[in-house]
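Source file my_file17.pdb; content: PDB, C-alpha atoms.
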```pdb
ATOM      1  CA  MET D 727      34.040  38.447   1.760
ATOM      2  CA  VAL D 728      32.258  38.651  -1.573
ATOM      3  CA  MET D 729      30.999  35.391  -2.986
ATOM      4  CA  ASN D 730      31.770  34.649  -6.603
ATOM      5  CA  ASP D 731      29.638  32.504  -8.916
ATOM      6  CA  ALA D 732      31.602  29.330  -8.103
ATOM      7  CA  ASP D 733      31.087  29.891  -4.356
ATOM      8  CA  ARG D 734      27.358  30.448  -4.862
ATOM      9  CA  LEU D 735      27.045  27.306  -6.962
ATOM     10  CA  ASN D 736      28.977  25.249  -4.389
ATOM     11  CA  GLY D 737      26.697  26.608  -1.664
ATOM     12  CA  LYS D 738      23.596  25.704  -3.673
ATOM     13  CA  LEU D 739      24.989  22.206  -4.223
ATOM     14  CA  VAL D 740      25.560  21.633  -0.501
ATOM     15  CA  ILE D 741      22.061  22.885   0.299
ATOM     16  CA  ALA D 742      20.480  20.726  -2.428
ATOM     17  CA  LEU D 743      22.344  17.626  -1.216
ATOM     18  CA  GLY D 744      21.303  18.271   2.381
ATOM     19  CA  ARG D 745      17.672  18.826   1.454
ATOM     20  CA  ALA D 746      17.602  15.697  -0.729
ATOM     21  CA  TYR D 747      19.097  13.641   2.107
ATOM     22  CA  ARG D 748      16.594  14.976   4.664
ATOM     23  CA  SER D 749      13.692  14.494   2.262
ATOM     24  CA  ALA D 750      14.722  10.901   1.492
ATOM     25  CA  HIS D 751      14.979  10.065   5.198
ATOM     26  CA  ARG D 752      12.011  12.043   6.564
ATOM     27  CA  LYS D 753       9.617   9.088   6.902
ATOM     28  CA  SER D 754      12.379   6.682   7.882
ATOM     29  CA  THR D 755      13.526   8.920  10.728
ATOM     30  CA  GLU D 756      10.010   8.786  12.166
ATOM     31  CA  LEU D 757       9.928   5.001  11.667
ATOM     32  CA  PHE D 758      13.229   4.623  13.538
ATOM     33  CA  ARG D 759      12.009   6.860  16.357
ATOM     34  CA  LYS D 760       8.823   4.801  16.771
ATOM     35  CA  ARG D 761      10.960   1.650  17.014
ATOM     36  CA  GLY D 762      13.206   3.286  19.607
ATOM     37  CA  LEU D 763      16.160   3.614  17.216
ATOM     38  CA  THR D 764      18.359   6.474  16.132
ATOM     39  CA  MET D 765      19.604   6.850  12.555
ATOM     40  CA  SER D 766      23.070   5.729  13.716
ATOM     41  CA  GLN D 767      21.648   2.639  15.413
ATOM     42  CA  PHE D 768      19.665   1.711  12.331
ATOM     43  CA  THR D 769      22.734   2.231  10.142
ATOM     44  CA  VAL D 770      24.780  -0.185  12.277
ATOM     45  CA  MET D 771      21.946  -2.710  12.296
ATOM     46  CA  GLU D 772      21.524  -2.410   8.530
ATOM     47  CA  VAL D 773      25.223  -3.143   7.958
ATOM     48  CA  LEU D 774      25.105  -6.169  10.255
ATOM     49  CA  TYR D 775      21.837  -7.338   8.679
ATOM     50  CA  ASN D 776      23.284  -7.212   5.166
ATOM     51  CA  LYS D 777      26.937  -8.127   5.844
ATOM     52  CA  GLY D 778      26.789 -10.336   8.947
ATOM     53  CA  GLU D 779      28.977 -10.323  12.024
ATOM     54  CA  MET D 780      31.787  -7.729  12.058
ATOM     55  CA  THR D 781      34.379  -6.143  14.297
ATOM     56  CA  ILE D 782      33.877  -2.595  15.527
ATOM     57  CA  GLN D 783      36.573  -1.404  13.106
ATOM     58  CA  GLN D 784      34.806  -3.047  10.151
ATOM     59  CA  ILE D 785      31.537  -1.375  11.188
ATOM     60  CA  ILE D 786      33.282   1.996  11.480
ATOM     61  CA  ASP D 787      34.745   1.556   7.991
ATOM     62  CA  LYS D 788      31.335   0.671   6.520
ATOM     63  CA  VAL D 789      29.296   3.432   8.157
ATOM     64  CA  LEU D 790      31.983   6.135   7.939
ATOM     65  CA  SER D 791      31.678   7.218  11.555
ATOM     66  CA  SER D 792      34.034   7.759  14.467
ATOM     67  CA  SER D 793      35.062   4.907  16.729
ATOM     68  CA  GLY D 794      33.735   6.659  19.833
ATOM     69  CA  ASN D 795      30.317   7.161  18.327
ATOM     70  CA  ILE D 796      30.015   3.591  17.015
ATOM     71  CA  THR D 797      31.159   2.134  20.333
ATOM     72  CA  VAL D 798      28.346   4.005  22.102
ATOM     73  CA  VAL D 799      25.819   3.008  19.416
ATOM     74  CA  VAL D 800      26.802  -0.674  19.701
ATOM     75  CA  ARG D 801      26.710  -0.547  23.510
ATOM     76  CA  ASN D 802      23.193   0.940  23.415
ATOM     77  CA  LEU D 803      22.011  -1.682  20.899
ATOM     78  CA  GLU D 804      23.494  -4.394  23.103
ATOM     79  CA  THR D 805      21.716  -2.998  26.175
ATOM     80  CA  VAL D 806      18.313  -3.392  24.479
ATOM     81  CA  GLY D 807      19.142  -6.860  23.164
ATOM     82  CA  LEU D 808      19.442  -6.090  19.449
ATOM     83  CA  VAL D 809      23.127  -6.982  19.055
ATOM     84  CA  TYR D 810      25.560  -9.283  20.802
ATOM     85  CA  ARG D 811      29.273  -8.973  21.320
ATOM     86  CA  ARG D 812      31.697 -11.912  21.349
ATOM     87  CA  VAL D 813      35.453 -12.027  21.772
ATOM     88  CA  ASN D 814      37.439 -12.226  18.541
ATOM     89  CA  PRO D 815      39.318 -15.552  18.812
ATOM     90  CA  GLU D 816      42.213 -14.173  16.710
ATOM     91  CA  ASP D 817      42.580 -11.008  18.793
ATOM     92  CA  LYS D 818      41.246 -11.223  22.361
ATOM     93  CA  ARG D 819      41.331  -7.413  22.616
ATOM     94  CA  SER D 820      38.587  -7.003  20.006
ATOM     95  CA  TYR D 821      35.039  -8.240  19.580
ATOM     96  CA  TYR D 822      32.727  -9.415  16.867
ATOM     97  CA  ILE D 823      29.345  -7.724  16.810
ATOM     98  CA  GLY D 824      26.254  -9.398  15.363
ATOM     99  CA  LEU D 825      22.487  -9.155  15.430
ATOM    100  CA  THR D 826      20.548 -11.171  17.969
ATOM    101  CA  ASP D 827      17.380 -12.943  16.815
ATOM    102  CA  LYS D 828      15.421  -9.948  18.112
ATOM    103  CA  GLY D 829      17.810  -7.654  16.222
ATOM    104  CA  LYS D 830      17.351  -9.639  13.001
ATOM    105  CA  ARG D 831      13.557  -9.420  13.271
ATOM    106  CA  THR D 832      13.705  -5.698  14.018
ATOM    107  CA  ALA D 833      16.187  -5.008  11.218
ATOM    108  CA  ALA D 834      14.142  -7.001   8.681
ATOM    109  CA  SER D 835      10.948  -5.165   9.570
ATOM    110  CA  VAL D 836      12.476  -1.695   9.692
ATOM    111  CA  PHE D 837      14.745  -2.201   6.659
ATOM    112  CA  SER D 838      11.813  -3.259   4.474
ATOM    113  CA  LYS D 839       9.785  -0.161   5.366
ATOM    114  CA  HIS D 840      12.861   2.068   5.069
ATOM    115  CA  MET D 841      13.517   0.837   1.526
ATOM    116  CA  THR D 842       9.871   1.486   0.615
ATOM    117  CA  TYR D 843      10.237   5.065   1.866
ATOM    118  CA  ILE D 844      13.510   5.516  -0.042
ATOM    119  CA  ALA D 845      11.852   4.212  -3.230
ATOM    120  CA  GLU D 846       9.012   6.714  -2.749
ATOM    121  CA  ALA D 847      11.455   9.572  -2.156
ATOM    122  CA  PHE D 848      13.328   8.857  -5.391
ATOM    123  CA  SER D 849      10.313   7.853  -7.480
ATOM    124  CA  LYS D 850      10.503  11.074  -9.520
ATOM    125  CA  LEU D 851      13.859   9.992 -10.956
ATOM    126  CA  THR D 852      14.251   7.503 -13.774
ATOM    127  CA  PRO D 853      16.667   4.598 -13.306
ATOM    128  CA  GLN D 854      19.080   6.379 -15.680
ATOM    129  CA  GLU D 855      18.901   9.602 -13.645
ATOM    130  CA  LYS D 856      19.587   7.648 -10.451
ATOM    131  CA  SER D 857      22.619   6.006 -12.059
ATOM    132  CA  THR D 858      23.882   9.375 -13.248
ATOM    133  CA  VAL D 859      23.530  10.945  -9.789
ATOM    134  CA  VAL D 860      25.372   7.999  -8.208
ATOM    135  CA  ALA D 861      28.181   8.241 -10.770
ATOM    136  CA  VAL D 862      28.554  11.991 -10.307
ATOM    137  CA  LEU D 863      28.553  11.773  -6.505
ATOM    138  CA  LYS D 864      31.156   8.999  -6.552
ATOM    139  CA  LYS D 865      33.549  11.568  -8.023
ATOM    140  CA  LEU D 866      33.422  13.376  -4.653
ATOM    141  CA  LYS D 867      34.881  10.434  -2.719
ATOM    142  CA  ASP D 868      38.344  10.926  -1.270
TER     143      ASP D 868
END
```

The structure in this file should be written as structure tokens.
Amino acid sequence: MVMNDADRLNGKLVIALGRAYRSAHRKSTELFRKRGLTMSQFTVMEVLYNKGEMTIQQIIDKVLSSSGNITVVVRNLETVGLVYRRVNPEDKRSYYIGLTDKGKRTAASVFSKHMTYIAEAFSKLTPQEKSTVVAVLKKLKD
């Protein structure tokens, strides 16, 4: 198959987005690893840290991941004492997930450093450029 100009440009866009994402998370990934966390675990903790207690389905909706993956992530976080699970009083088949005190301390510490790294990664962009990139990328949402 011969690639046309539109295909080449789309390919370059995907590569640029991937490289930007990896570059923005390079230091954070190492930070998570040193704290014994995966990117998925940190993402779940960050949502709970900023939004509070949630059901598994609410977490899945926020982090845009599969239910099987999030269930495993939550179970692993629970095993190390970073999150708790309690029965949903309105639906005994589901649970609320929240951060333990240890989880809150870990999330606060890691989140602060993560945001510093993100700020460094995007420091070459002006606030206007950042707003423009966000607006353009929002057009790609389903």

Quiz item: What's the 12 Å shell around Ser835 in chain D, counting only C-alpha atoms, without same-chain residues fewer than 4 positions away, as a ChimeraX atom specification?
Solution: /D:757-758,761,768,771-772,775,828-831,839-842

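Once Thr797 in chain D and its same-chain neighbours fewer than 3 positions away are set aside, Ile782, Gln783, Ile785, Ile786, Ser792, Ser793, Gly794, Val800, Arg801, Asn802 and Leu803 of chain D remain within 10 Å of it when counting all atoms listed in the file.
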
Self-check item: Minimum-distance residue to Ile844 in chain D, chosen among D:Val740, D:Leu866, D:Ala750, D:Met729 (using all atoms listed in the file)
Solution: D:Ala750

Exercise. Determine the nearest neighbour of Arg748 in chain D from the options D:Asn795, D:Ala833, D:Met765, D:Ile823, counting all atoms listed in the file.
Key: D:Met765

Self-check item: the PyMOL selection byres ((chain D and resi 810) around 7) resolved against shown file, as a list in words
Solution: Glu804, Val809, Arg811, Arg812, Ile823, Gly824, Leu825 and Thr826 of chain D

Could you take the residues named above and write them with C-alpha atoms, as a PDB file, in the coordinates of the input?
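Output file result-v1.pdb follows:
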```pdb
ATOM      1  CA  GLU D 804      23.494  -4.394  23.103  1.00  0.00           C
ATOM      2  CA  VAL D 809      23.127  -6.982  19.055  1.00  0.00           C
ATOM      3  CA  ARG D 811      29.273  -8.973  21.320  1.00  0.00           C
ATOM      4  CA  ARG D 812      31.697 -11.912  21.349  1.00  0.00           C
ATOM      5  CA  ILE D 823      29.345  -7.724  16.810  1.00  0.00           C
ATOM      6  CA  GLY D 824      26.254  -9.398  15.363  1.00  0.00           C
ATOM      7  CA  LEU D 825      22.487  -9.155  15.430  1.00  0.00           C
ATOM      8  CA  THR D 826      20.548 -11.171  17.969  1.00  0.00           C
TER       9      THR D 826
END
```

Quiz prompt | Residue IDs satisfying the PyMOL selection byres ((chain D and resi 814) around 12), as number ranges by chain | solution = D: 779-782, 811-813, 815-824

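The smallest atom-to-atom distance between Gln767 in chain D and any of D:Asn736, D:Ser838, D:Thr832, D:Ser749, using only C-alpha atoms, is found for D:Thr832.
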
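Counting all atoms listed in the file, the residue from D:Leu790, D:Val859, D:Val728, D:Arg752 that sits nearest to Glu846 in chain D is D:Arg752.
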